[in-house]
Amino acid sequence: MGKFLQESIQIDQVNAGIFKTLNDLTYITNAGSKITVPKGYVTDGYSKPQLTEWLVGGRFEDDIRPSTLHDYLCQYRGFYQGVIYNPLSFKKVNDLFLEAMLAVGINPVKARLMRFAVNFNPGKW
């Protein structure tokens, strides 16, 4: 199973609904890839399209690490491992979001609903 190397992530509020990471966040995928979201990355946390928000609740009810990873992968459409860029499809990014949510212990039903919800946020891509 995938895992985050950090037990938590420190964030600082930049302005309403926008946060900046205060430390690196590293996730090891089920396939063994190492993805690091660098310190200083800016995220909006668990934002969701209004259409699906009623399904999965509001921001920060659960661990923010998977959503930070998801935002980062969506923004860069992949990740670097050393000097090698690994491009990812929107589907693969969303699948890694689900994997990361399950890795931190988010309820599997809620995690799958959240995975479904991100399909309706094409603005992330």
# chains A, B, ... in the order shown; residues from 1 in each chain; ligands from 1
$ select_by_dssp --residues "region 24-118 of chain A" --states "alpha helix (DSSP H)" --output "ChimeraX atom specification"
/A:50-56,65-76,90-103,108-117
$ residues_around --residues "region 3-9 of chain A" --least-positions-apart "3" --cutoff "6 Å" --atoms "only C-alpha atoms" --output "PDB file with C-alpha atoms, in the first residue's frame"
ATOM      1  CA  THR A  26       6.547  12.841   0.018  1.00  0.00           C
ATOM      2  CA  TYR A  27       4.294  10.008  -1.091  1.00  0.00           C
ATOM      3  CA  ILE A  28       5.468   6.541  -2.137  1.00  0.00           C
ATOM      4  CA  ALA A 103      -3.350   5.003   2.531  1.00  0.00           C
TER       5      ALA A 103
END
$ atom_distance --atom1 "CA of Val93 (chain A)" --atom2 "CA of Lys20 (chain A)"
20.7 Å
$ closest_residue --among "A:Val42, A:Val37, A:Ala31, A:Ile64" --to "Leu96 (chain A)" --atoms "only C-alpha atoms"
A:Ala31
$ closest_residue --among "A:Ser67, A:Thr29, A:Thr43, A:Asn94" --to "Ile11 (chain A)" --atoms "only C-alpha atoms"
A:Thr43
$ atom_distance --atom1 "CA of Ser89 (chain A)" --atom2 "CA of Asn23 (chain A)"
26.3 Å
$ closest_residue --among "A:Lys34, A:Lys39, A:Gly45, A:Arg65" --to "Ile18 (chain A)" --atoms "only C-alpha atoms"
A:Gly45
$ atom_distance --atom1 "CA of Leu69 (chain A)" --atom2 "CA of Phe97 (chain A)"
7.3 Å
$ select_by_dssp --residues "chain A" --states "strand (DSSP E)" --output "ChimeraX atom specification"
/A:3-4,11-15,18-21,25-28,34-37,42-43,78-81,84-87
$ write_last_selection --atoms "N, CA and C atoms" --output "mmCIF file, in the first residue's frame"
data_model
loop_
_atom_site.group_PDB
_atom_site.id
_atom_site.type_symbol
_atom_site.label_atom_id
_atom_site.label_comp_id
_atom_site.auth_asym_id
_atom_site.auth_seq_id
_atom_site.Cartn_x
_atom_site.Cartn_y
_atom_site.Cartn_z
ATOM 1 N N LYS A 3 2.206 5.084 0.818
ATOM 2 C CA LYS A 3 2.324 5.732 2.124
ATOM 3 C C LYS A 3 2.987 7.096 1.991
ATOM 4 N N PHE A 4 2.606 7.976 2.889
ATOM 5 C CA PHE A 4 3.273 9.261 3.021
ATOM 6 C C PHE A 4 4.431 9.091 3.979
ATOM 7 N N ILE A 11 0.782 23.627 7.290
ATOM 8 C CA ILE A 11 0.322 24.594 6.297
ATOM 9 C C ILE A 11 0.131 25.946 6.962
ATOM 10 N N ASP A 12 0.194 26.982 6.143
ATOM 11 C CA ASP A 12 -0.026 28.341 6.598
ATOM 12 C C ASP A 12 -1.059 28.957 5.673
ATOM 13 N N GLN A 13 -2.039 29.641 6.232
ATOM 14 C CA GLN A 13 -3.075 30.253 5.402
ATOM 15 C C GLN A 13 -2.502 31.493 4.725
ATOM 16 N N VAL A 14 -2.601 31.521 3.392
ATOM 17 C CA VAL A 14 -2.126 32.652 2.602
ATOM 18 C C VAL A 14 -3.226 33.700 2.528
ATOM 19 N N ASN A 15 -4.429 33.270 2.192
ATOM 20 C CA ASN A 15 -5.638 34.084 2.239
ATOM 21 C C ASN A 15 -6.829 33.133 2.281
ATOM 22 N N ILE A 18 -6.836 29.524 0.733
ATOM 23 C CA ILE A 18 -5.574 29.225 0.060
ATOM 24 C C ILE A 18 -4.502 29.012 1.123
ATOM 25 N N PHE A 19 -3.748 27.920 0.969
ATOM 26 C CA PHE A 19 -2.759 27.536 1.969
ATOM 27 C C PHE A 19 -1.422 27.236 1.304
ATOM 28 N N LYS A 20 -0.353 27.414 2.065
ATOM 29 C CA LYS A 20 1.003 27.131 1.585
ATOM 30 C C LYS A 20 1.613 26.069 2.492
ATOM 31 N N THR A 21 2.272 25.077 1.886
ATOM 32 C CA THR A 21 2.921 24.040 2.676
ATOM 33 C C THR A 21 4.200 24.595 3.303
ATOM 34 N N LEU A 25 6.313 17.277 1.267
ATOM 35 C CA LEU A 25 5.380 16.173 1.462
ATOM 36 C C LEU A 25 5.744 15.096 0.447
ATOM 37 N N THR A 26 6.120 13.916 0.918
ATOM 38 C CA THR A 26 6.547 12.841 0.018
ATOM 39 C C THR A 26 5.606 11.656 0.145
ATOM 40 N N TYR A 27 5.176 11.163 -1.023
ATOM 41 C CA TYR A 27 4.294 10.008 -1.091
ATOM 42 C C TYR A 27 4.983 8.926 -1.920
ATOM 43 N N ILE A 28 4.973 7.707 -1.398
ATOM 44 C CA ILE A 28 5.468 6.541 -2.137
ATOM 45 C C ILE A 28 4.238 5.794 -2.642
ATOM 46 N N LYS A 34 8.258 7.657 -6.101
ATOM 47 C CA LYS A 34 8.384 8.630 -5.018
ATOM 48 C C LYS A 34 8.010 10.011 -5.566
ATOM 49 N N ILE A 35 6.951 10.588 -4.996
ATOM 50 C CA ILE A 35 6.463 11.895 -5.438
ATOM 51 C C ILE A 35 6.625 12.870 -4.279
ATOM 52 N N THR A 36 7.340 13.975 -4.512
ATOM 53 C CA THR A 36 7.538 14.974 -3.464
ATOM 54 C C THR A 36 6.903 16.295 -3.869
ATOM 55 N N VAL A 37 5.987 16.760 -3.024
ATOM 56 C CA VAL A 37 5.409 18.094 -3.157
ATOM 57 C C VAL A 37 6.329 19.001 -2.345
ATOM 58 N N VAL A 42 1.461 25.953 -2.992
ATOM 59 C CA VAL A 42 0.196 26.608 -2.643
ATOM 60 C C VAL A 42 -0.960 25.740 -3.112
ATOM 61 N N THR A 43 -1.913 25.501 -2.217
ATOM 62 C CA THR A 43 -3.055 24.632 -2.488
ATOM 63 C C THR A 43 -4.341 25.249 -1.950
ATOM 64 N N GLY A 78 1.923 15.628 -13.701
ATOM 65 C CA GLY A 78 2.937 14.607 -13.504
ATOM 66 C C GLY A 78 3.855 15.028 -12.380
ATOM 67 N N PHE A 79 5.028 14.413 -12.335
ATOM 68 C CA PHE A 79 5.976 14.711 -11.271
ATOM 69 C C PHE A 79 7.386 14.352 -11.725
ATOM 70 N N TYR A 80 8.370 14.918 -11.043
ATOM 71 C CA TYR A 80 9.768 14.600 -11.292
ATOM 72 C C TYR A 80 10.249 13.586 -10.269
ATOM 73 N N GLN A 81 11.014 12.631 -10.753
ATOM 74 C CA GLN A 81 11.761 11.719 -9.902
ATOM 75 C C GLN A 81 13.208 11.968 -10.270
ATOM 76 N N ILE A 84 14.065 13.078 -14.022
ATOM 77 C CA ILE A 84 13.155 12.444 -14.976
ATOM 78 C C ILE A 84 11.723 12.880 -14.679
ATOM 79 N N TYR A 85 11.077 13.455 -15.710
ATOM 80 C CA TYR A 85 9.673 13.873 -15.587
ATOM 81 C C TYR A 85 8.774 12.690 -15.933
ATOM 82 N N ASN A 86 7.795 12.449 -15.089
ATOM 83 C CA ASN A 86 6.833 11.364 -15.288
ATOM 84 C C ASN A 86 5.458 11.966 -15.544
ATOM 85 N N PRO A 87 5.044 12.070 -16.811
ATOM 86 C CA PRO A 87 3.727 12.638 -17.092
ATOM 87 C C PRO A 87 2.620 11.678 -16.655
#
$ closest_residue --among "A:Asn121, A:Glu99, A:Gly105, A:Leu22" --to "Cys74 (chain A)" --atoms "only C-alpha atoms"
A:Asn121
$ residues_around --residues "Arg112 (chain A)" --least-positions-apart "5" --cutoff "9 Å" --atoms "only C-alpha atoms" --output "PyMOL selection string"
chain A and resi 98+101+107+117
$ closest_residue --among "A:Gly17, A:Gly40, A:Gly32, A:Gly2" --to "Leu102 (chain A)" --atoms "only C-alpha atoms"
A:Gly2
$ decode --residues "region 65-78 of chain A" --atoms "N, CA and C atoms" --output "PDB file, in the first residue's frame"
ATOM      1  N   ARG A  65      -3.241  15.738   3.299  1.00  0.00           N
ATOM      2  CA  ARG A  65      -2.114  15.288   2.469  1.00  0.00           C
ATOM      3  C   ARG A  65      -2.542  14.760   1.110  1.00  0.00           C
ATOM      4  N   PRO A  66      -3.575  13.906   0.991  1.00  0.00           N
ATOM      5  CA  PRO A  66      -3.961  13.435  -0.342  1.00  0.00           C
ATOM      6  C   PRO A  66      -4.409  14.561  -1.277  1.00  0.00           C
ATOM      7  N   SER A  67      -5.134  15.550  -0.753  1.00  0.00           N
ATOM      8  CA  SER A  67      -5.603  16.629  -1.632  1.00  0.00           C
ATOM      9  C   SER A  67      -4.446  17.522  -2.074  1.00  0.00           C
ATOM     10  N   THR A  68      -3.464  17.709  -1.198  1.00  0.00           N
ATOM     11  CA  THR A  68      -2.284  18.488  -1.582  1.00  0.00           C
ATOM     12  C   THR A  68      -1.535  17.774  -2.698  1.00  0.00           C
ATOM     13  N   LEU A  69      -1.369  16.469  -2.548  1.00  0.00           N
ATOM     14  CA  LEU A  69      -0.737  15.662  -3.597  1.00  0.00           C
ATOM     15  C   LEU A  69      -1.523  15.767  -4.899  1.00  0.00           C
ATOM     16  N   HIS A  70      -2.845  15.661  -4.819  1.00  0.00           N
ATOM     17  CA  HIS A  70      -3.704  15.733  -6.001  1.00  0.00           C
ATOM     18  C   HIS A  70      -3.573  17.086  -6.697  1.00  0.00           C
ATOM     19  N   ASP A  71      -3.622  18.170  -5.924  1.00  0.00           N
ATOM     20  CA  ASP A  71      -3.484  19.507  -6.514  1.00  0.00           C
ATOM     21  C   ASP A  71      -2.148  19.646  -7.240  1.00  0.00           C
ATOM     22  N   TYR A  72      -1.089  19.183  -6.617  1.00  0.00           N
ATOM     23  CA  TYR A  72       0.250  19.264  -7.195  1.00  0.00           C
ATOM     24  C   TYR A  72       0.320  18.478  -8.514  1.00  0.00           C
ATOM     25  N   LEU A  73      -0.178  17.250  -8.497  1.00  0.00           N
ATOM     26  CA  LEU A  73      -0.126  16.419  -9.708  1.00  0.00           C
ATOM     27  C   LEU A  73      -0.997  16.992 -10.825  1.00  0.00           C
ATOM     28  N   CYS A  74      -2.131  17.583 -10.468  1.00  0.00           N
ATOM     29  CA  CYS A  74      -2.975  18.217 -11.481  1.00  0.00           C
ATOM     30  C   CYS A  74      -2.280  19.442 -12.076  1.00  0.00           C
ATOM     31  N   GLN A  75      -1.672  20.241 -11.230  1.00  0.00           N
ATOM     32  CA  GLN A  75      -1.022  21.454 -11.715  1.00  0.00           C
ATOM     33  C   GLN A  75       0.118  21.143 -12.673  1.00  0.00           C
ATOM     34  N   TYR A  76       0.920  20.142 -12.345  1.00  0.00           N
ATOM     35  CA  TYR A  76       2.094  19.821 -13.169  1.00  0.00           C
ATOM     36  C   TYR A  76       1.873  18.654 -14.123  1.00  0.00           C
ATOM     37  N   ARG A  77       0.688  18.048 -14.032  1.00  0.00           N
ATOM     38  CA  ARG A  77       0.321  16.931 -14.909  1.00  0.00           C
ATOM     39  C   ARG A  77       1.356  15.810 -14.884  1.00  0.00           C
ATOM     40  N   GLY A  78       1.923  15.628 -13.701  1.00  0.00           N
ATOM     41  CA  GLY A  78       2.937  14.607 -13.504  1.00  0.00           C
ATOM     42  C   GLY A  78       3.855  15.028 -12.380  1.00  0.00           C
TER      43      GLY A  78
END
